[in-house]
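Colleague: structure_24.cif is reproduced below (mmCIF, C-alpha atoms and all ligand atoms).
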```
data_start
#
loop_
_atom_site.label_atom_id
_atom_site.label_comp_id
_atom_site.auth_asym_id
_atom_site.auth_seq_id
_atom_site.Cartn_x
_atom_site.Cartn_y
_atom_site.Cartn_z
CA MET A 1 0.18 -37.45 -13.73
CA GLU A 2 -1.14 -38.30 -10.31
CA ASP A 3 0.53 -35.53 -8.30
CA ILE A 4 -0.90 -32.73 -10.46
CA ILE A 5 -3.27 -30.85 -8.16
CA LEU A 6 -4.11 -27.95 -10.48
CA CYS A 7 -4.59 -28.26 -14.20
CA ALA A 8 -5.93 -25.50 -16.43
CA LYS A 9 -6.29 -25.95 -20.18
CA GLY A 10 -6.95 -23.44 -22.94
CA ILE A 11 -8.01 -20.60 -20.65
CA SER A 12 -9.21 -17.54 -22.56
CA LYS A 13 -10.89 -14.43 -21.20
CA THR A 14 -12.06 -11.27 -22.95
CA TYR A 15 -13.34 -8.22 -21.08
CA THR A 16 -15.72 -5.81 -22.73
CA ALA A 17 -15.34 -2.20 -21.67
CA GLY A 18 -17.83 -0.13 -23.66
CA GLN A 19 -17.04 -0.72 -27.34
CA VAL A 20 -13.60 -2.08 -26.62
CA LYS A 21 -12.79 -5.74 -26.20
CA ILE A 22 -9.71 -6.61 -24.18
CA ASN A 23 -8.30 -10.05 -24.76
CA ALA A 24 -6.86 -10.54 -21.25
CA LEU A 25 -6.01 -14.25 -21.58
CA ASN A 26 -5.36 -16.23 -24.69
CA LYS A 27 -5.36 -20.04 -24.43
CA CYS A 28 -3.32 -20.38 -21.26
CA ASP A 29 -2.30 -23.84 -20.10
CA ILE A 30 -0.87 -24.44 -16.67
CA GLU A 31 -0.19 -27.50 -14.55
CA VAL A 32 0.91 -27.37 -10.92
CA ARG A 33 2.07 -30.27 -8.78
CA LYS A 34 1.01 -30.79 -5.18
CA GLY A 35 3.40 -28.99 -2.83
CA GLU A 36 4.90 -26.90 -5.62
CA PHE A 37 5.50 -23.16 -5.20
CA THR A 38 4.97 -21.38 -8.51
CA ALA A 39 5.60 -17.69 -9.12
CA ILE A 40 3.89 -15.88 -11.99
CA VAL A 41 5.59 -12.77 -13.32
CA GLY A 42 4.82 -10.41 -16.19
CA LYS A 43 4.24 -6.77 -17.05
CA SER A 44 1.36 -4.76 -15.63
CA GLY A 45 -1.76 -5.58 -17.64
CA SER A 46 -0.38 -8.88 -18.98
CA GLY A 47 -3.24 -10.88 -17.40
CA LYS A 48 -1.73 -12.20 -14.14
CA SER A 49 -4.60 -11.27 -11.81
CA THR A 50 -7.15 -12.43 -14.37
CA LEU A 51 -5.41 -15.80 -14.60
CA LEU A 52 -5.09 -16.12 -10.82
CA ARG A 53 -8.79 -15.32 -10.28
CA ILE A 54 -9.78 -17.98 -12.80
CA LEU A 55 -7.40 -20.58 -11.34
CA GLY A 56 -8.68 -19.65 -7.88
CA THR A 57 -12.32 -20.25 -9.01
CA LEU A 58 -13.31 -16.63 -8.35
CA ASP A 59 -14.03 -15.97 -11.99
CA LYS A 60 -15.01 -18.12 -14.97
CA PRO A 61 -13.06 -18.32 -18.21
CA ASP A 62 -14.80 -17.78 -21.56
CA GLU A 63 -13.11 -20.91 -22.80
CA GLY A 64 -11.06 -23.66 -21.23
CA SER A 65 -11.24 -25.78 -18.12
CA VAL A 66 -9.87 -25.69 -14.59
CA ASN A 67 -9.43 -28.84 -12.54
CA ILE A 68 -8.37 -28.67 -8.90
CA ALA A 69 -7.82 -31.74 -6.74
CA GLY A 70 -9.70 -33.84 -9.29
CA LYS A 71 -12.75 -31.55 -9.44
CA GLU A 72 -13.78 -30.08 -12.78
CA ILE A 73 -14.70 -26.58 -11.57
CA GLU A 74 -17.22 -25.76 -14.33
CA ASN A 75 -19.30 -28.81 -13.33
CA LEU A 76 -19.81 -27.62 -9.76
CA LYS A 77 -23.05 -25.90 -8.78
CA ASN A 78 -22.67 -22.54 -7.03
CA SER A 79 -23.28 -24.04 -3.58
CA GLU A 80 -20.77 -26.85 -4.25
CA LEU A 81 -18.24 -24.33 -5.52
CA ALA A 82 -18.58 -22.14 -2.43
CA GLN A 83 -18.06 -25.18 -0.22
CA PHE A 84 -15.12 -26.39 -2.35
CA ARG A 85 -13.49 -22.95 -2.14
CA ARG A 86 -13.84 -22.80 1.64
CA THR A 87 -12.32 -26.22 2.14
CA HIS A 88 -9.56 -26.23 -0.49
CA ILE A 89 -8.55 -22.69 -1.42
CA GLY A 90 -6.88 -19.75 0.31
CA TYR A 91 -6.87 -16.51 -1.70
CA ILE A 92 -4.81 -13.41 -1.00
CA TYR A 93 -6.27 -10.58 -3.08
CA GLN A 94 -4.16 -7.84 -4.64
CA ASP A 95 -6.44 -5.33 -2.84
CA TYR A 96 -6.82 -7.47 0.37
CA LYS A 97 -10.64 -7.38 0.51
CA LEU A 98 -10.88 -7.26 4.28
CA ILE A 99 -14.32 -6.73 5.78
CA SER A 100 -14.41 -3.19 7.16
CA GLU A 101 -16.91 -3.91 9.97
CA TYR A 102 -14.71 -6.64 11.45
CA THR A 103 -11.52 -6.34 13.47
CA ALA A 104 -8.24 -7.84 12.21
CA TYR A 105 -8.79 -10.83 14.47
CA GLU A 106 -12.37 -11.34 13.26
CA ASN A 107 -11.27 -11.05 9.63
CA ILE A 108 -8.65 -13.74 10.17
CA ILE A 109 -10.97 -16.26 11.78
CA LEU A 110 -13.89 -15.58 9.41
CA PRO A 111 -13.17 -18.53 7.08
CA LEU A 112 -13.26 -20.86 10.08
CA ILE A 113 -16.56 -19.40 11.32
CA LEU A 114 -18.09 -19.74 7.85
CA ASP A 115 -17.14 -23.39 7.90
CA GLY A 116 -18.62 -23.91 11.36
CA GLU A 117 -15.25 -24.45 13.01
CA ASP A 118 -13.81 -23.00 16.20
CA ALA A 119 -10.63 -20.96 16.05
CA ASP A 120 -7.61 -22.44 17.78
CA GLU A 121 -6.67 -19.35 19.81
CA GLU A 122 -3.05 -20.39 20.18
CA GLU A 123 -2.69 -20.93 16.47
CA VAL A 124 -4.28 -17.57 15.58
CA SER A 125 -1.95 -15.83 18.04
CA GLU A 126 1.10 -17.61 16.66
CA LEU A 127 0.14 -16.78 13.10
CA MET A 128 -0.44 -13.09 13.94
CA ASP A 129 2.78 -13.05 15.90
CA SER A 130 4.89 -14.52 13.10
CA LEU A 131 3.42 -11.98 10.68
CA GLY A 132 4.12 -9.19 13.19
CA ILE A 133 0.48 -8.08 13.46
CA ASP A 134 -0.38 -9.20 17.00
CA TYR A 135 -0.82 -5.54 18.04
CA CYS A 136 -3.47 -5.10 15.29
CA ARG A 137 -5.83 -7.67 16.78
CA GLU A 138 -8.66 -5.32 17.82
CA LYS A 139 -8.19 -2.73 15.07
CA PHE A 140 -10.51 -2.30 12.11
CA PRO A 141 -9.12 -2.29 8.54
CA ALA A 142 -9.51 1.51 8.26
CA GLN A 143 -7.16 1.85 11.25
CA LEU A 144 -4.46 -0.29 9.64
CA SER A 145 -1.69 0.61 7.19
CA GLY A 146 -1.62 -1.05 3.76
CA GLY A 147 1.11 -3.44 4.87
CA GLU A 148 -0.78 -4.38 8.04
CA GLN A 149 -3.94 -5.03 6.05
CA GLN A 150 -1.95 -7.14 3.64
CA ARG A 151 -0.60 -9.29 6.46
CA VAL A 152 -4.10 -9.71 7.94
CA ALA A 153 -5.22 -10.91 4.50
CA ILE A 154 -2.32 -13.38 4.43
CA ALA A 155 -3.23 -14.73 7.87
CA ARG A 156 -6.86 -15.13 6.77
CA ALA A 157 -5.75 -17.20 3.78
CA LEU A 158 -3.46 -19.43 5.85
CA ILE A 159 -5.68 -20.11 8.86
CA THR A 160 -7.68 -22.93 7.24
CA HIS A 161 -4.55 -24.76 5.96
CA PRO A 162 -5.89 -24.78 2.40
CA ALA A 163 -4.51 -27.28 -0.10
CA VAL A 164 -3.94 -24.50 -2.63
CA ILE A 165 -3.00 -20.90 -1.83
CA PHE A 166 -3.36 -18.21 -4.49
CA ALA A 167 -1.50 -15.02 -3.67
CA ASP A 168 -1.78 -11.90 -5.84
CA GLU A 169 1.19 -9.63 -5.07
CA PRO A 170 1.16 -10.70 -1.40
CA THR A 171 4.13 -8.50 -0.55
CA GLY A 172 3.28 -5.50 -2.73
CA ASN A 173 2.92 -3.26 0.33
CA LEU A 174 5.49 -4.79 2.65
CA ASP A 175 8.96 -3.71 3.69
CA VAL A 176 11.87 -6.03 2.92
CA ALA A 177 11.86 -7.75 6.33
CA SER A 178 8.11 -8.45 6.31
CA ALA A 179 8.29 -9.63 2.70
CA GLU A 180 11.02 -12.10 3.67
CA THR A 181 8.87 -13.40 6.52
CA VAL A 182 5.97 -13.96 4.15
CA ALA A 183 8.26 -15.64 1.62
CA ARG A 184 9.56 -18.00 4.29
CA MET A 185 6.03 -18.82 5.49
CA LEU A 186 4.91 -19.65 1.96
CA THR A 187 8.03 -21.71 1.30
CA LEU A 188 7.44 -23.65 4.51
CA ALA A 189 3.76 -24.17 3.68
CA ALA A 190 4.85 -25.82 0.44
CA SER A 191 7.88 -27.80 1.60
CA LYS A 192 6.72 -28.95 5.02
CA TYR A 193 2.95 -29.07 4.70
CA GLN A 194 2.69 -29.93 0.97
CA GLN A 195 0.45 -26.93 0.35
CA THR A 196 0.48 -25.72 -3.22
CA ILE A 197 1.23 -22.04 -3.82
CA VAL A 198 0.57 -19.96 -6.90
CA MET A 199 1.87 -16.43 -6.40
CA VAL A 200 1.83 -13.42 -8.69
CA THR A 201 4.66 -11.00 -8.01
CA HIS A 202 6.52 -8.06 -9.49
CA ASP A 203 9.35 -8.61 -7.08
CA ARG A 204 12.22 -10.60 -8.50
CA GLN A 205 13.50 -11.54 -5.05
CA MET A 206 10.10 -12.93 -4.04
CA ALA A 207 9.90 -14.95 -7.27
CA GLU A 208 13.22 -16.55 -6.44
CA TYR A 209 11.75 -18.20 -3.34
CA ALA A 210 9.51 -20.25 -5.65
CA ASP A 211 10.29 -23.64 -7.22
CA ARG A 212 9.68 -22.24 -10.68
CA ILE A 213 8.79 -18.98 -12.40
CA LEU A 214 6.22 -18.69 -15.19
CA THR A 215 6.16 -15.59 -17.35
CA ILE A 216 2.93 -14.19 -18.81
CA THR A 217 3.10 -11.95 -21.84
CA ASP A 218 -0.06 -10.45 -23.41
CA GLY A 219 -2.31 -13.10 -21.89
CA SER A 220 -0.24 -16.19 -22.67
CA VAL A 221 2.31 -18.23 -20.74
CA THR A 222 5.49 -17.48 -22.65
CA GLY A 223 8.19 -18.89 -20.44
CA GLY A 224 9.00 -21.16 -17.57
CA VAL A 225 12.13 -21.49 -15.47
CA VAL A 226 12.71 -24.15 -12.83
CA LEU A 227 14.82 -22.80 -9.96
N1 LIG B 1 -12.97 -5.98 -15.09
C1 LIG B 1 -12.29 -5.61 -16.16
N2 LIG B 1 -12.89 -4.97 -17.19
C2 LIG B 1 -12.20 -4.61 -18.28
N3 LIG B 1 -10.89 -4.84 -18.46
C3 LIG B 1 -10.23 -5.47 -17.48
C4 LIG B 1 -10.88 -5.88 -16.27
N4 LIG B 1 -9.96 -6.48 -15.47
C5 LIG B 1 -8.80 -6.44 -16.15
N5 LIG B 1 -8.95 -5.84 -17.35
C6 LIG B 1 -7.91 -5.67 -18.38
O1 LIG B 1 -7.37 -6.94 -18.67
C7 LIG B 1 -5.96 -6.89 -18.82
C8 LIG B 1 -5.30 -7.81 -17.79
O2 LIG B 1 -5.56 -7.30 -16.47
P1 LIG B 1 -4.95 -7.98 -15.17
O3 LIG B 1 -5.58 -7.30 -14.02
O4 LIG B 1 -5.14 -9.45 -15.27
O5 LIG B 1 -3.41 -7.61 -15.31
P2 LIG B 1 -2.19 -7.86 -14.32
O6 LIG B 1 -1.15 -8.59 -15.07
O7 LIG B 1 -2.68 -8.46 -13.04
O8 LIG B 1 -1.67 -6.36 -14.05
P3 LIG B 1 -1.00 -5.70 -12.72
O9 LIG B 1 0.42 -6.20 -12.69
O10 LIG B 1 -1.07 -4.24 -12.98
O11 LIG B 1 -1.80 -6.12 -11.52
C9 LIG B 1 -5.57 -5.42 -18.66
O12 LIG B 1 -5.47 -4.87 -19.95
C10 LIG B 1 -6.75 -4.81 -17.91
O13 LIG B 1 -6.91 -3.47 -18.22
MG MG B 2 -2.75 -7.76 -11.07
#
```
Could you write out this file's structure as structure tokens?
Modeller:
Amino acid sequence: MEDIILCAKGISKTYTAGQVKINALNKCDIEVRKGEFTAIVGKSGSGKSTLLRILGTLDKPDEGSVNIAGKEIENLKNSELAQFRRTHIGYIYQDYKLISEYTAYENIILPLILDGEDADEEEVSELMDSLGIDYCREKFPAQLSGGEQQRVAIARALITHPAVIFADEPTGNLDVASAETVARMLTLAASKYQQTIVMVTHDRQMAEYADRILTITDGSVTGGVVL
């Protein structure tokens, strides 16, 4: 189908921790259309973050293939993959992964700098303002609360207007009002700007902002509901 932007087939992943093997993903298939907002739900330890990292090209599966925007990810060299990630993918990590030596503002514009682009000051200000973190501009991550750090991480993922946004529990540390703001921003990114969103969440209300909800159980996609 021509409007499929993300297609993963037969994704399996086993972690080895000492003598123990953990089968985190077991032959997962997933297809996402351009501009679609998909929520992934499932119990703690069911494999959601593992799946998101593999879909987001941050980790490689043991088996299976991931194709994004027509590119077969396993065929890309490391340098091509890094470039592809910078130009196509925004990733919001479950643990934010902000750079501690940089201010909130510098963290947000970093993806632009890495790509040799200038930041549009007005746009950065608007983005920080809509996320309610304008007052955090010159602060370093250690001086920010969890929820503030999370919103800086969201701004950093949105600033490049990536075709696909992967969000791992993007509202896990936010109050209800901030979570609603983030939900509305993601919904708008999908509906107005045709950005594709894949979001892991524990929060039922967040999942309901999506176009469909996929359930992961013990490393497999076991259900799908279109909203
Ligand atoms: N680096 C790792 N080494 C060993 N085991 C791992 C590693 N990462 C994850 N696991 C295991 O793989 C399984 C899936 O983990 P994953 O982080 O994908 O779960 P999750 O669904 O995101 O959970 P949560 O909702 O708590 O974030 C779990 O059993 C976990 O303990
Ligand atoms: Mg997780």
Colleague: Any chance you could tabulate, as CSV, the residues of chain A at most 7 Å from ligand LIG 1 (chain B) with each one's nearest atom pair and distance in Å to one decimal, using all atoms listed in the file, in chain and rising number order?
Modeller:
```
residue,atom,partner,partner_atom,distance
A:Tyr15,CA,B:LIG1,C2,4.7
A:Thr16,CA,B:LIG1,C2,5.8
A:Ala17,CA,B:LIG1,C2,5.2
A:Ile22,CA,B:LIG1,O1,6.0
A:Asn23,CA,B:LIG1,O1,6.9
A:Ala24,CA,B:LIG1,O1,4.5
A:Gly42,CA,B:LIG1,O6,6.3
A:Lys43,CA,B:LIG1,O9,5.8
A:Ser44,CA,B:LIG1,O9,3.4
A:Gly45,CA,B:LIG1,O5,3.5
A:Ser46,CA,B:LIG1,O6,4.0
A:Gly47,CA,B:LIG1,O4,3.2
A:Lys48,CA,B:LIG1,O6,3.8
A:Ser49,CA,B:LIG1,O7,3.6
A:Thr50,CA,B:LIG1,O4,3.7
A:Leu51,CA,B:LIG1,O4,6.4
```
Colleague: List as a count of residues only the protein and nucleic acid residues near Val41 in chain A, meaning an atom at most 12 Å away when all atoms listed in the file are counted, but skip any in the same chain fewer than 6 places from it.
Modeller: 33
Colleague: Between CA of Thr57 in chain A and CA of Gly10 in chain A, what is the spacing in Å?
Modeller: 15.3 Å
Colleague: With only C-alpha atoms as the basis for distance, which of A:Ser191, A:Thr196, A:Ser100, A:Thr181 is at the shortest distance from Met128 in chain A?
Modeller: A:Thr181
Colleague: Please provide as a VMD selection string all residues within 7 Å of range 104-110 of chain A, with the sequence filter that same-chain residues fewer than 6 positions apart are discarded (counting only C-alpha atoms).
Modeller: chain A and resid 98 119 136 to 141 152 155 to 156
Colleague: CA of Lys27 in chain A to CA of Ala39 in chain A: how many Å, to one decimal?
Modeller: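 Computed distance, CA of Lys27 in chain A to CA of Ala39 in chain A, equals 19.0 Å.
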Colleague: When you count only C-alpha atoms, which of these residues is closest to Ile73 in chain A: A:Gly147, A:Glu31, A:Arg86, A:Gly56?
Modeller: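 Ranked by minimum distance to Ile73 in chain A, first place goes to A:Gly56.
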Colleague: Could you check which of A:Glu148, A:Glu117, A:Asp95, A:Glu126 is closest to ligand MG 2 (chain B), using only C-alpha atoms and all ligand atoms?
Modeller: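 Closest candidate: A:Asp95.
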Colleague: Of the residues A:Gly90, A:Gly172, A:Pro111, A:Gly18, which is the one nearest to ligand MG 2 (chain B), using all atoms listed in the file?
Modeller: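 The answer is A:Gly172, which sits nearest to ligand MG 2 (chain B).
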Colleague: Near Glu180 in chain A, within 10 Å and counting only C-alpha atoms, which residues show up once chain neighbours fewer than 4 positions away are dropped, as a list in words?
Modeller: Thr171, Leu174, Asp175, Val176, Arg184, Met185, Leu186, Gln205, Met206 and Tyr209 of chain A
